[in-house]
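Peer 1: My structure is in model.cif, and what it holds is mmCIF, C-alpha atoms and all ligand atoms:
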```cif
data_target
#
loop_
_atom_site.label_atom_id
_atom_site.label_comp_id
_atom_site.auth_asym_id
_atom_site.auth_seq_id
_atom_site.Cartn_x
_atom_site.Cartn_y
_atom_site.Cartn_z
CA MET A 1 48.27 56.70 -63.34
CA ILE A 2 48.66 58.41 -59.98
CA PRO A 3 51.56 56.50 -58.41
CA VAL A 4 51.29 55.28 -54.85
CA ASN A 5 54.57 57.04 -54.17
CA ARG A 6 56.61 59.77 -55.78
CA PRO A 7 59.48 61.21 -53.72
CA ALA A 8 59.92 65.01 -53.69
CA LEU A 9 63.48 65.82 -54.74
CA ASN A 10 63.24 69.58 -55.28
CA GLY A 11 65.65 70.80 -52.62
CA ASN A 12 69.45 70.73 -52.68
CA GLU A 13 69.66 67.07 -53.72
CA ILE A 14 71.22 67.67 -57.16
CA LYS A 15 73.56 70.35 -55.86
CA TYR A 16 74.92 68.15 -53.06
CA VAL A 17 75.23 65.06 -55.26
CA ASN A 18 77.15 67.11 -57.84
CA GLN A 19 79.40 68.34 -55.07
CA ALA A 20 80.14 64.77 -53.97
CA LEU A 21 80.94 63.79 -57.56
CA GLU A 22 83.07 66.86 -58.28
CA ASP A 23 85.07 66.31 -55.09
CA GLY A 24 85.57 62.63 -55.95
CA TRP A 25 84.00 61.39 -52.70
CA ILE A 26 81.77 58.62 -54.00
CA SER A 27 82.12 55.92 -51.32
CA ASP A 28 83.24 57.40 -48.00
CA GLY A 29 83.15 61.18 -47.64
CA PRO A 30 82.12 64.27 -45.70
CA PHE A 31 78.35 64.08 -46.38
CA LEU A 32 78.21 60.84 -44.37
CA LYS A 33 79.38 62.46 -41.16
CA LYS A 34 77.18 65.49 -41.78
CA PHE A 35 74.11 63.32 -42.37
CA GLU A 36 74.81 61.09 -39.36
CA ASP A 37 75.40 64.08 -37.09
CA GLU A 38 72.41 66.08 -38.25
CA PHE A 39 69.97 63.20 -38.39
CA SER A 40 70.92 61.88 -34.95
CA LYS A 41 70.63 65.39 -33.52
CA SER A 42 67.14 65.72 -35.04
CA VAL A 43 65.98 62.66 -33.07
CA ASN A 44 67.88 63.51 -29.85
CA ARG A 45 70.40 60.71 -30.18
CA ASP A 46 74.11 60.93 -29.42
CA TYR A 47 75.19 58.53 -32.18
CA GLY A 48 73.90 57.75 -35.66
CA ILE A 49 75.50 55.00 -37.76
CA SER A 50 74.41 55.14 -41.39
CA VAL A 51 73.84 51.82 -43.15
CA SER A 52 72.79 50.61 -46.59
CA ASN A 53 69.08 50.12 -45.79
CA GLY A 54 66.52 49.72 -43.00
CA THR A 55 66.69 45.92 -43.12
CA ALA A 56 70.45 46.05 -42.47
CA ALA A 57 69.84 48.58 -39.67
CA LEU A 58 67.68 46.08 -37.77
CA TYR A 59 70.20 43.30 -38.27
CA VAL A 60 73.08 45.47 -37.05
CA ALA A 61 70.98 46.53 -34.03
CA LEU A 62 70.31 42.95 -32.90
CA GLN A 63 73.87 41.83 -33.56
CA ALA A 64 75.25 44.82 -31.64
CA LEU A 65 73.05 43.93 -28.65
CA GLU A 66 74.47 40.39 -28.84
CA ILE A 67 71.04 38.82 -29.13
CA GLY A 68 71.41 35.26 -30.37
CA PRO A 69 70.50 31.57 -30.08
CA GLY A 70 68.27 30.81 -27.09
CA ASP A 71 66.93 34.38 -26.89
CA GLU A 72 63.34 35.30 -27.73
CA VAL A 73 62.44 38.59 -29.36
CA ILE A 74 58.85 39.88 -29.29
CA LEU A 75 57.60 41.79 -32.34
CA PRO A 76 54.30 42.54 -34.11
CA THR A 77 52.96 40.17 -36.74
CA HIS A 78 51.76 43.09 -38.86
CA THR A 79 55.05 44.46 -40.14
CA ILE A 80 57.55 44.09 -42.95
CA ILE A 81 59.58 40.88 -43.28
CA SER A 82 62.80 42.80 -42.42
CA CYS A 83 61.90 42.80 -38.71
CA ILE A 84 61.74 39.04 -38.36
CA MET A 85 64.69 38.48 -40.72
CA ALA A 86 66.88 40.39 -38.26
CA VAL A 87 65.75 38.09 -35.44
CA LEU A 88 66.33 34.93 -37.49
CA ASN A 89 69.65 36.15 -38.90
CA VAL A 90 71.15 36.40 -35.41
CA GLY A 91 69.77 32.93 -34.55
CA ALA A 92 67.17 34.15 -32.03
CA THR A 93 63.53 33.03 -31.80
CA PRO A 94 60.74 35.36 -32.94
CA VAL A 95 57.55 35.66 -30.86
CA LEU A 96 54.61 37.50 -32.41
CA VAL A 97 51.91 39.82 -31.11
CA ASP A 98 48.64 40.71 -32.85
CA MET A 99 47.67 44.27 -33.75
CA GLU A 100 45.08 46.51 -32.16
CA LEU A 101 42.08 48.07 -33.88
CA ASP A 102 42.60 51.58 -32.66
CA THR A 103 45.97 52.68 -34.10
CA TRP A 104 46.81 49.55 -36.12
CA ASN A 105 50.00 49.09 -34.07
CA MET A 106 51.06 46.13 -31.93
CA ASP A 107 48.49 45.51 -29.18
CA CYS A 108 50.45 46.38 -26.05
CA GLU A 109 47.89 44.62 -23.83
CA LEU A 110 48.98 41.30 -25.35
CA ILE A 111 52.73 41.68 -24.88
CA GLU A 112 53.04 40.49 -21.28
CA SER A 113 51.34 37.16 -22.06
CA LYS A 114 54.17 36.46 -24.53
CA ILE A 115 57.02 37.03 -22.10
CA THR A 116 58.99 33.98 -20.92
CA LYS A 117 62.29 33.46 -19.11
CA LYS A 118 63.98 33.53 -22.52
CA THR A 119 62.59 36.89 -23.64
CA LYS A 120 65.53 39.14 -24.30
CA ALA A 121 64.16 42.02 -26.36
CA LEU A 122 61.07 43.79 -27.59
CA MET A 123 60.98 45.26 -31.08
CA ALA A 124 58.50 48.14 -31.25
CA VAL A 125 57.49 48.97 -34.83
CA HIS A 126 55.49 52.13 -35.48
CA ILE A 127 53.02 51.49 -38.29
CA PHE A 128 52.06 53.81 -41.16
CA GLY A 129 52.72 57.11 -39.36
CA HIS A 130 51.15 56.65 -35.96
CA PRO A 131 53.42 55.67 -33.06
CA CYS A 132 52.96 52.72 -30.72
CA ASP A 133 51.99 53.40 -27.13
CA MET A 134 55.56 53.99 -25.93
CA ASP A 135 54.63 54.68 -22.27
CA LYS A 136 53.20 51.19 -22.02
CA ILE A 137 56.11 49.66 -23.94
CA GLU A 138 58.73 51.37 -21.77
CA GLU A 139 56.90 50.19 -18.65
CA ILE A 140 57.02 46.55 -19.83
CA VAL A 141 60.65 46.79 -20.90
CA ALA A 142 61.63 48.16 -17.48
CA LYS A 143 59.53 45.62 -15.57
CA TYR A 144 61.09 42.61 -17.34
CA ASN A 145 64.52 44.13 -17.96
CA LEU A 146 64.41 43.71 -21.75
CA PHE A 147 66.27 45.39 -24.56
CA LEU A 148 64.07 47.76 -26.55
CA ILE A 149 64.65 48.15 -30.28
CA GLU A 150 62.57 50.91 -31.85
CA ASP A 151 61.96 50.42 -35.58
CA ALA A 152 61.15 53.99 -36.61
CA ALA A 153 61.56 53.34 -40.36
CA GLU A 154 58.25 55.04 -41.16
CA MET A 155 58.59 57.84 -38.62
CA ALA A 156 61.16 60.48 -39.64
CA GLY A 157 59.74 63.73 -38.26
CA GLN A 158 57.17 62.09 -35.97
CA PHE A 159 56.94 62.55 -32.19
CA TYR A 160 55.53 60.49 -29.35
CA ARG A 161 54.27 63.18 -27.00
CA GLU A 162 57.19 65.63 -27.01
CA LYS A 163 59.91 63.04 -27.74
CA PRO A 164 61.00 62.30 -31.32
CA CYS A 165 60.34 58.81 -32.64
CA GLY A 166 63.75 57.21 -32.94
CA SER A 167 64.80 58.44 -29.48
CA PHE A 168 63.37 55.45 -27.59
CA GLY A 169 65.02 52.28 -26.38
CA HIS A 170 68.61 51.02 -26.41
CA ILE A 171 68.75 51.20 -30.19
CA SER A 172 66.46 52.67 -32.84
CA THR A 173 66.51 52.24 -36.60
CA PHE A 174 65.35 54.13 -39.68
CA SER A 175 65.00 53.37 -43.38
CA PHE A 176 65.55 55.93 -46.12
CA TYR A 177 64.09 53.91 -48.98
CA ALA A 178 62.43 55.98 -51.74
CA ASN A 179 58.98 55.74 -50.16
CA LYS A 180 60.01 56.79 -46.65
CA VAL A 181 59.44 60.28 -45.21
CA ILE A 182 62.99 61.27 -46.10
CA THR A 183 64.96 59.23 -48.60
CA THR A 184 68.48 58.49 -49.79
CA GLY A 185 67.27 56.07 -52.50
CA GLU A 186 68.40 53.11 -50.44
CA GLY A 187 69.67 53.73 -46.93
CA GLY A 188 69.14 53.41 -43.22
CA MET A 189 70.49 54.39 -39.82
CA VAL A 190 71.06 52.80 -36.43
CA LEU A 191 70.91 55.20 -33.48
CA THR A 192 71.87 54.93 -29.83
CA ASN A 193 73.08 56.99 -26.88
CA ASN A 194 75.49 54.27 -25.75
CA PRO A 195 79.06 54.90 -27.00
CA SER A 196 80.19 51.27 -26.89
CA LEU A 197 77.05 50.10 -28.72
CA ALA A 198 77.70 52.79 -31.34
CA GLU A 199 81.27 51.53 -31.79
CA ARG A 200 79.97 47.99 -32.16
CA CYS A 201 77.45 49.08 -34.81
CA LYS A 202 80.20 50.78 -36.83
CA TYR A 203 82.36 47.69 -36.52
CA ILE A 204 79.59 45.32 -37.65
CA ARG A 205 78.61 47.61 -40.54
CA ASN A 206 82.17 47.59 -41.79
CA LEU A 207 82.99 43.84 -41.99
CA CYS A 208 84.29 43.86 -38.39
CA PHE A 209 87.58 45.36 -39.49
CA ASN A 210 89.63 46.10 -36.38
CA ASN A 211 92.44 48.50 -35.57
CA LYS A 212 95.05 45.90 -34.64
CA ARG A 213 95.75 44.32 -37.98
CA ARG A 214 93.69 45.10 -41.06
CA PHE A 215 92.19 42.03 -42.77
CA VAL A 216 92.34 39.96 -39.57
CA HIS A 217 88.80 39.48 -38.22
CA GLU A 218 87.79 38.40 -34.70
CA GLU A 219 84.09 38.39 -35.65
CA LEU A 220 82.01 38.34 -38.81
CA GLY A 221 80.12 41.43 -39.84
CA ASN A 222 78.76 42.69 -43.13
CA ASN A 223 79.35 45.41 -45.63
CA PHE A 224 76.35 47.58 -44.84
CA ARG A 225 77.99 50.93 -45.61
CA MET A 226 76.06 53.89 -47.04
CA THR A 227 77.77 55.92 -49.76
CA ASN A 228 78.66 59.60 -49.61
CA ILE A 229 76.41 60.14 -52.66
CA GLN A 230 73.43 58.71 -50.78
CA ALA A 231 74.29 60.79 -47.72
CA ALA A 232 74.41 63.90 -49.95
CA ILE A 233 70.78 63.23 -50.92
CA GLY A 234 70.00 62.59 -47.25
CA CYS A 235 71.42 65.97 -46.17
CA ALA A 236 69.21 67.73 -48.72
CA GLN A 237 66.15 65.71 -47.69
CA LEU A 238 66.73 66.36 -44.01
CA GLU A 239 66.58 70.12 -44.66
CA GLN A 240 62.99 69.55 -45.86
CA LYS A 241 61.80 67.17 -43.14
CA THR A 242 59.40 69.61 -41.49
CA LYS A 243 57.93 70.57 -44.86
CA PHE A 244 57.46 66.89 -45.79
CA VAL A 245 55.70 66.11 -42.52
CA LYS A 246 53.38 69.08 -43.02
CA HIS A 247 52.67 67.91 -46.59
CA LYS A 248 51.89 64.37 -45.42
CA ARG A 249 49.59 65.57 -42.66
CA GLU A 250 47.70 67.66 -45.21
CA ILE A 251 47.41 64.61 -47.49
CA GLY A 252 45.93 62.73 -44.53
CA ARG A 253 43.54 65.58 -43.73
CA ILE A 254 42.23 65.77 -47.32
CA TYR A 255 41.71 62.01 -47.59
CA THR A 256 40.03 61.80 -44.19
CA GLU A 257 37.69 64.67 -45.01
CA ILE A 258 36.55 63.20 -48.34
CA LEU A 259 36.44 59.55 -47.25
CA SER A 260 34.79 60.04 -43.84
CA SER A 261 31.34 60.12 -45.47
CA SER A 262 31.75 56.46 -46.50
CA THR A 263 30.42 53.84 -44.09
CA ILE A 264 32.21 51.06 -46.00
CA ILE A 265 35.77 52.03 -45.20
CA GLU A 266 37.70 53.14 -42.16
CA CYS A 267 40.83 55.33 -42.20
CA GLN A 268 43.77 55.19 -39.80
CA LYS A 269 43.28 57.54 -36.86
CA ARG A 270 44.46 61.12 -37.29
CA ASN A 271 44.98 61.76 -33.58
CA THR A 272 45.42 60.00 -30.27
CA SER A 273 46.14 61.56 -26.88
CA TYR A 274 49.86 61.28 -27.63
CA SER A 275 50.46 61.93 -31.36
CA GLU A 276 49.11 63.32 -34.59
CA ASN A 277 49.50 60.90 -37.52
CA ILE A 278 52.11 61.84 -40.14
CA TYR A 279 50.71 59.30 -42.63
CA TRP A 280 53.84 57.61 -43.90
CA VAL A 281 51.17 55.96 -46.06
CA PHE A 282 47.46 56.64 -46.04
CA GLY A 283 45.83 53.29 -45.22
CA ILE A 284 42.19 52.36 -45.49
CA LEU A 285 40.35 49.33 -44.16
CA ILE A 286 37.25 47.88 -45.83
CA SER A 287 34.41 47.06 -43.44
CA GLU A 288 33.75 43.40 -42.64
CA LYS A 289 30.08 44.18 -43.27
CA ILE A 290 30.47 44.08 -47.04
CA ASN A 291 31.71 41.42 -49.37
CA LEU A 292 34.69 43.21 -50.86
CA GLU A 293 38.33 42.32 -50.38
CA ALA A 294 41.27 44.69 -50.77
CA LYS A 295 42.44 42.84 -53.87
CA GLU A 296 39.22 43.57 -55.77
CA LEU A 297 39.13 47.22 -54.69
CA MET A 298 42.78 47.64 -55.69
CA ASP A 299 42.00 46.27 -59.16
CA LEU A 300 39.09 48.69 -59.55
CA LEU A 301 41.23 51.62 -58.38
CA GLY A 302 43.96 50.54 -60.77
CA GLU A 303 41.49 50.61 -63.66
CA SER A 304 40.60 54.19 -62.64
CA GLY A 305 44.27 55.20 -62.64
CA VAL A 306 44.92 55.16 -58.89
CA GLY A 307 47.98 53.29 -57.63
CA THR A 308 47.67 51.29 -54.40
CA ARG A 309 49.49 48.72 -52.29
CA PRO A 310 48.08 46.10 -49.93
CA PHE A 311 48.92 46.10 -46.22
CA PHE A 312 51.81 44.00 -44.96
CA TRP A 313 51.14 40.28 -45.08
CA PRO A 314 51.25 39.07 -41.46
CA LEU A 315 54.49 37.37 -40.47
CA HIS A 316 52.66 34.34 -39.04
CA LYS A 317 51.21 33.64 -42.52
CA GLN A 318 54.47 33.99 -44.47
CA PRO A 319 55.00 30.81 -46.50
CA ALA A 320 58.78 31.01 -46.08
CA LEU A 321 58.40 31.00 -42.28
CA ASN A 322 55.64 28.37 -42.17
CA LYS A 323 57.89 26.09 -44.23
CA MET A 324 60.52 26.47 -41.51
CA GLY A 325 57.91 25.30 -38.99
CA PHE A 326 57.12 28.68 -37.44
CA PHE A 327 53.67 29.78 -36.22
CA LYS A 328 51.88 26.62 -37.40
CA ASN A 329 48.95 26.62 -34.96
CA GLU A 330 49.03 30.26 -33.95
CA SER A 331 46.22 32.68 -34.57
CA TYR A 332 46.27 36.46 -34.85
CA PRO A 333 42.72 37.38 -35.82
CA VAL A 334 43.08 41.15 -36.15
CA ALA A 335 46.10 40.94 -38.43
CA ASP A 336 44.40 38.17 -40.45
CA SER A 337 41.42 40.37 -41.10
CA PHE A 338 43.52 43.45 -41.88
CA SER A 339 45.64 41.52 -44.37
CA LEU A 340 42.57 40.84 -46.52
CA ARG A 341 40.82 44.19 -46.11
CA GLY A 342 43.58 46.80 -45.96
CA LEU A 343 45.26 48.86 -48.66
CA TYR A 344 46.94 52.20 -48.98
CA LEU A 345 46.47 55.10 -51.37
CA PRO A 346 48.90 57.50 -53.14
CA SER A 347 50.66 59.34 -50.32
CA GLY A 348 54.35 60.03 -51.12
CA THR A 349 56.02 63.37 -50.41
CA GLY A 350 55.82 64.28 -54.12
CA ILE A 351 52.09 63.47 -54.48
CA THR A 352 50.12 66.70 -55.05
CA PHE A 353 46.97 67.64 -53.17
CA ASP A 354 45.08 67.56 -56.50
CA GLU A 355 46.19 63.96 -57.00
CA VAL A 356 45.01 63.16 -53.47
CA ARG A 357 41.57 64.70 -54.12
CA GLU A 358 41.30 62.87 -57.44
CA SER A 359 42.26 59.54 -55.83
CA ALA A 360 39.79 60.05 -52.99
CA GLU A 361 36.95 60.98 -55.34
CA LYS A 362 37.59 58.01 -57.61
CA LEU A 363 37.54 55.76 -54.56
CA MET A 364 34.23 57.28 -53.39
CA GLU A 365 32.78 56.69 -56.85
CA ILE A 366 33.73 53.00 -56.70
CA LEU A 367 32.45 52.59 -53.14
CA ARG A 368 29.01 53.95 -54.12
CA ARG A 369 28.55 50.83 -56.25
CA PHE A 370 28.83 48.69 -53.13
CA SER A 371 26.59 50.60 -50.74
C1 LIG A 401 60.70 50.07 -44.91
C2 LIG A 401 60.76 49.41 -43.60
C3 LIG A 401 61.87 48.62 -43.21
C4 LIG A 401 62.95 48.20 -44.16
O1 LIG A 401 63.66 49.21 -44.73
P1 LIG A 401 64.45 48.96 -46.13
O2 LIG A 401 65.26 50.22 -46.24
O3 LIG A 401 63.42 48.85 -47.19
O4 LIG A 401 65.28 47.76 -45.97
C5 LIG A 401 61.90 48.13 -41.92
N1 LIG A 401 60.91 48.35 -41.06
C6 LIG A 401 59.80 49.06 -41.40
C7 LIG A 401 58.73 49.26 -40.39
C8 LIG A 401 59.69 49.60 -42.68
O5 LIG A 401 58.59 50.28 -43.02
#
```
When written as structure tokens, how does the structure in this file appear?
Peer 2:
Amino acid sequence: MIPVNRPALNGNEIKYVNQALEDGWISDGPFLKKFEDEFSKSVNRDYGISVSNGTAALYVALQALEIGPGDEVILPTHTIISCIMAVLNVGATPVLVDMELDTWNMDCELIESKITKKTKALMAVHIFGHPCDMDKIEEIVAKYNLFLIEDAAEMAGQFYREKPCGSFGHISTFSFYANKVITTGEGGMVLTNNPSLAERCKYIRNLCFNNKRRFVHEELGNNFRMTNIQAAIGCAQLEQKTKFVKHKREIGRIYTEILSSSTIIECQKRNTSYSENIYWVFGILISEKINLEAKELMDLLGESGVGTRPFFWPLHKQPALNKMGFFKNESYPVADSFSLRGLYLPSGTGITFDEVRESAEKLMEILRRFS
């Protein structure tokens, strides 16, 4: 079976982890500061606060911005559950936006129609390796005086024009889960240029311990700390970021070349005027013209030894949220269609080009049966 993801761990990962263990720094330790400093520098941010995962990063970001009950936060419907959990966990109200056909990101043309007097923040989530239209997003944020949270979980090493993803907005977040561009196993980071926001993020990450009297708490936070062992892996991964991005772009090029002869499927765009896709995952979309859903194609690929995953399930269709009364009569037609017809192919940093060619050819073989 060709797995959908295999992380490449062939750099200094083992060496640095051994160093952390030999020195006895297994919780806090020097790799944390090194990873925070080097990662934040790589995305042009003054402060990076490591956390235990990307879900926690979003939660810390919203809590640090003091977003709460009565505030509305706009976000895409086509994203991971983590984004809306952050909004709900601080007691704010989520407001969704459909996706656009061109880059598969949030449709920026629809954002303004969702803005009300209560709108406090916009969460921009870059999807699958191609950034959102940040010029348009920054224009809206400035016009309505909103907070901008940039979820760059899938974007380590990506740029929007000449600016790194993760350098936009009041706060940005990353995930370093095993399938992300660089990984620490589990992990994440919150980044900002604002020193008081950075202090607040550190405070929230660390149970809101304060300097006056330890174990007396003025506010409630969480234990969202990363370990020095994870940061050791992160330092080694960061050294290889450029190589990983190059590898992923080549994966995308090979898939696109082989699959472009099919009229049944569509691939995510390789280029727009502002960015070249880094293919966090290589997604494909089955044409509405044929009677084939992602689920069936995934089963057939599985039988041929090719691992896949479906696209995100839209937030407005999440049973857990519908049960809470959210999004009952709302419609997001593009995301609805994508949720049934989209899947992604093996595309991790440790997937070889031969495995990519084999996956693409097996897919072409299956598609011929339907044309
Ligand atoms: C992976 C991901 C997250 C969550 O990160 P975890 O580390 O898995 O908690 C958040 N947002 C996006 C867009 C992601 O892809």
Peer 1: Tell me which protein, DNA and RNA residues are within 12 Å of Ala178 in chain A, counting only C-alpha atoms, leaving out same-chain ones fewer than 4 positions away, and put them as a VMD selection string.
Peer 2: chain A and resid 4 to 9 53 to 54 153 to 154 182 to 188 230 233 to 234 237 280 348 to 350
Peer 1: Step by step, measure atom-to-atom distances between ligand LIG 401 (chain A) and each residue using only C-alpha atoms and all ligand atoms, keep those at most 8 Å, then write them as a PyMOL selection string.
Peer 2: chain A and resi 52-58+79-83+125-128+151-154+174-177+179-180+186-188
Peer 1: Taking 2 positions as the minimum chain separation for residues in the same chain, which residues sit within 10 Å of Leu191 in chain A when counting only C-alpha atoms? Answer as a ChimeraX atom specification.
Peer 2: /A:36,39-40,43-50,57,61,149-150,166-174,189,193-194,197-198,201
Peer 1: Could you check the closest approach to Val190 in chain A for each of A:Lys136, A:Lys202, A:Arg270, A:Arg368 and tell me which residue wins, using all atoms listed in the file?
Peer 2: A:Lys202
Peer 1: Could you pull the residues within 6 Å of Leu343 in chain A, counting all atoms listed in the file, minus those fewer than 5 positions along the same chain, as a PyMOL selection string?
Peer 2: chain A and resi 283-284+309-311
Peer 1: What's the separation between CA of Lys362 in chain A and CA of Gly307 in chain A, in Å to one decimal place?
Peer 2: 11.4 Å
Peer 1: Please compute the CA of Leu146 in chain A-CA of Asn271 in chain A distance, one decimal, in Å.
Peer 2: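 It comes out at 29.0 Å.
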Peer 1: Counting all atoms listed in the file, I want the residues whose atoms come within 12 Å of (47.2, 51.0, -52.1) in the file frame, returned as an mmCIF file with C-alpha atoms, in the frame of the given file.
Peer 2:
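That gives us result.cif:
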```cif
data_model
loop_
_atom_site.group_PDB
_atom_site.id
_atom_site.type_symbol
_atom_site.label_atom_id
_atom_site.label_comp_id
_atom_site.auth_asym_id
_atom_site.auth_seq_id
_atom_site.Cartn_x
_atom_site.Cartn_y
_atom_site.Cartn_z
ATOM 1 C CA ILE A 2 48.660 58.410 -59.980
ATOM 2 C CA PRO A 3 51.560 56.500 -58.410
ATOM 3 C CA VAL A 4 51.290 55.280 -54.850
ATOM 4 C CA ASN A 5 54.570 57.040 -54.170
ATOM 5 C CA VAL A 281 51.170 55.960 -46.060
ATOM 6 C CA PHE A 282 47.460 56.640 -46.040
ATOM 7 C CA GLY A 283 45.830 53.290 -45.220
ATOM 8 C CA ILE A 284 42.190 52.360 -45.490
ATOM 9 C CA LEU A 285 40.350 49.330 -44.160
ATOM 10 C CA ALA A 294 41.270 44.690 -50.770
ATOM 11 C CA LYS A 295 42.440 42.840 -53.870
ATOM 12 C CA GLU A 296 39.220 43.570 -55.770
ATOM 13 C CA LEU A 297 39.130 47.220 -54.690
ATOM 14 C CA MET A 298 42.780 47.640 -55.690
ATOM 15 C CA ASP A 299 42.000 46.270 -59.160
ATOM 16 C CA LEU A 300 39.090 48.690 -59.550
ATOM 17 C CA LEU A 301 41.230 51.620 -58.380
ATOM 18 C CA GLY A 302 43.960 50.540 -60.770
ATOM 19 C CA GLY A 305 44.270 55.200 -62.640
ATOM 20 C CA VAL A 306 44.920 55.160 -58.890
ATOM 21 C CA GLY A 307 47.980 53.290 -57.630
ATOM 22 C CA THR A 308 47.670 51.290 -54.400
ATOM 23 C CA ARG A 309 49.490 48.720 -52.290
ATOM 24 C CA PRO A 310 48.080 46.100 -49.930
ATOM 25 C CA PHE A 311 48.920 46.100 -46.220
ATOM 26 C CA PHE A 312 51.810 44.000 -44.960
ATOM 27 C CA ARG A 341 40.820 44.190 -46.110
ATOM 28 C CA GLY A 342 43.580 46.800 -45.960
ATOM 29 C CA LEU A 343 45.260 48.860 -48.660
ATOM 30 C CA TYR A 344 46.940 52.200 -48.980
ATOM 31 C CA LEU A 345 46.470 55.100 -51.370
ATOM 32 C CA PRO A 346 48.900 57.500 -53.140
ATOM 33 C CA SER A 347 50.660 59.340 -50.320
ATOM 34 C CA GLY A 348 54.350 60.030 -51.120
ATOM 35 C CA SER A 359 42.260 59.540 -55.830
ATOM 36 C CA ALA A 360 39.790 60.050 -52.990
ATOM 37 C CA LEU A 363 37.540 55.760 -54.560
#
```
Peer 1: Which residue gives the smallest distance to Glu257 in chain A among A:Gln240, A:Leu220, A:Glu361, A:Ile84, with all atoms listed in the file counted?
Peer 2: A:Glu361
Peer 1: Which residue out of A:Arg213, A:Asn329, A:Ser339, A:Thr227 has the minimum interatomic distance to Leu21 in chain A when all atoms listed in the file are used?
Peer 2: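 Smallest separation from Leu21 in chain A among the options: A:Thr227.
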Peer 1: For the atom pair CA of Ile366 in chain A and CA of Arg249 in chain A, what is the interatomic distance in Å to one decimal place?
Peer 2: 24.6 Å
Peer 1: Using only C-alpha atoms, which residues sit within 7 Å of Gly68 in chain A once same-chain residues fewer than 5 positions away are excluded, as a list of chain:residue names?
Peer 2: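 In the requested form, the answer reads A:Val90, A:Gly91, A:Ala92.
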Peer 1: Once you count all atoms listed in the file, which residues end up no further than 6 Å from (43.5, 43.8, -27.2) in the file's frame, shown as a ChimeraX atom specification?
Peer 2: /A:100,107,109
Peer 1: Could you take the residues named above and write them with C-alpha atoms, as a PDB file, in the frame of the given file?
Peer 2:
```
ATOM      1  CA  GLU A 100      45.080  46.510 -32.160  1.00  0.00           C
ATOM      2  CA  ASP A 107      48.490  45.510 -29.180  1.00  0.00           C
ATOM      3  CA  GLU A 109      47.890  44.620 -23.830  1.00  0.00           C
TER       4      GLU A 109
END
```
Peer 1: Quick one: residues within 10 Å of Lys117 in chain A, all atoms listed in the file counted, chain neighbours fewer than 2 positions away excluded, as a ChimeraX atom specification?
Peer 2: /A:71-72,115,119-120,144
Peer 1: So, with all atoms listed in the file as the atoms that count, which of A:Pro76, A:Asn222, A:Leu122, A:Asp98 lies closest to Ala142 in chain A?
Peer 2: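 When distances to Ala142 in chain A are compared using all atoms listed in the file, the smallest one comes from A:Leu122.
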Peer 1: Would you mind telling me which residue in A:Ala156, A:Val95, A:Ala86, A:Ile140 lies nearest to Leu238 in chain A when using all atoms listed in the file?
Peer 2: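 Of the candidates, the smallest distance to Leu238 in chain A is held by A:Ala156.
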Peer 1: Need a file for range 37-45 of chain A from that block: N, CA, C and O atoms, written as a PDB file, in the first residue's frame.
Peer 2:
```
ATOM      1  N   ASP A  37      12.488  30.621  17.866  1.00  0.00           N
ATOM      2  CA  ASP A  37      13.227  31.739  17.252  1.00  0.00           C
ATOM      3  C   ASP A  37      13.418  31.520  15.762  1.00  0.00           C
ATOM      4  O   ASP A  37      13.188  32.411  14.948  1.00  0.00           O
ATOM      5  N   GLU A  38      13.841  30.314  15.405  1.00  0.00           N
ATOM      6  CA  GLU A  38      14.161  30.071  13.995  1.00  0.00           C
ATOM      7  C   GLU A  38      12.903  29.980  13.135  1.00  0.00           C
ATOM      8  O   GLU A  38      12.886  30.467  12.004  1.00  0.00           O
ATOM      9  N   PHE A  39      11.864  29.375  13.683  1.00  0.00           N
ATOM     10  CA  PHE A  39      10.637  29.277  12.875  1.00  0.00           C
ATOM     11  C   PHE A  39      10.017  30.657  12.680  1.00  0.00           C
ATOM     12  O   PHE A  39       9.623  31.017  11.571  1.00  0.00           O
ATOM     13  N   SER A  40       9.950  31.448  13.766  1.00  0.00           N
ATOM     14  CA  SER A  40       9.323  32.767  13.623  1.00  0.00           C
ATOM     15  C   SER A  40      10.130  33.641  12.657  1.00  0.00           C
ATOM     16  O   SER A  40       9.559  34.363  11.836  1.00  0.00           O
ATOM     17  N   LYS A  41      11.449  33.526  12.715  1.00  0.00           N
ATOM     18  CA  LYS A  41      12.293  34.278  11.787  1.00  0.00           C
ATOM     19  C   LYS A  41      11.989  33.864  10.337  1.00  0.00           C
ATOM     20  O   LYS A  41      11.926  34.710   9.436  1.00  0.00           O
ATOM     21  N   SER A  42      11.776  32.574  10.122  1.00  0.00           N
ATOM     22  CA  SER A  42      11.545  32.074   8.759  1.00  0.00           C
ATOM     23  C   SER A  42      10.230  32.566   8.172  1.00  0.00           C
ATOM     24  O   SER A  42      10.034  32.520   6.959  1.00  0.00           O
ATOM     25  N   VAL A  43       9.296  33.025   9.028  1.00  0.00           N
ATOM     26  CA  VAL A  43       8.056  33.595   8.493  1.00  0.00           C
ATOM     27  C   VAL A  43       7.935  35.090   8.846  1.00  0.00           C
ATOM     28  O   VAL A  43       6.824  35.638   8.870  1.00  0.00           O
ATOM     29  N   ASN A  44       9.087  35.725   9.074  1.00  0.00           N
ATOM     30  CA  ASN A  44       9.117  37.181   9.329  1.00  0.00           C
ATOM     31  C   ASN A  44       8.233  37.622  10.487  1.00  0.00           C
ATOM     32  O   ASN A  44       7.544  38.635  10.399  1.00  0.00           O
ATOM     33  N   ARG A  45       8.230  36.850  11.559  1.00  0.00           N
ATOM     34  CA  ARG A  45       7.464  37.256  12.726  1.00  0.00           C
ATOM     35  C   ARG A  45       8.428  37.527  13.881  1.00  0.00           C
ATOM     36  O   ARG A  45       9.458  36.867  14.010  1.00  0.00           O
TER      37      ARG A  45
END
```
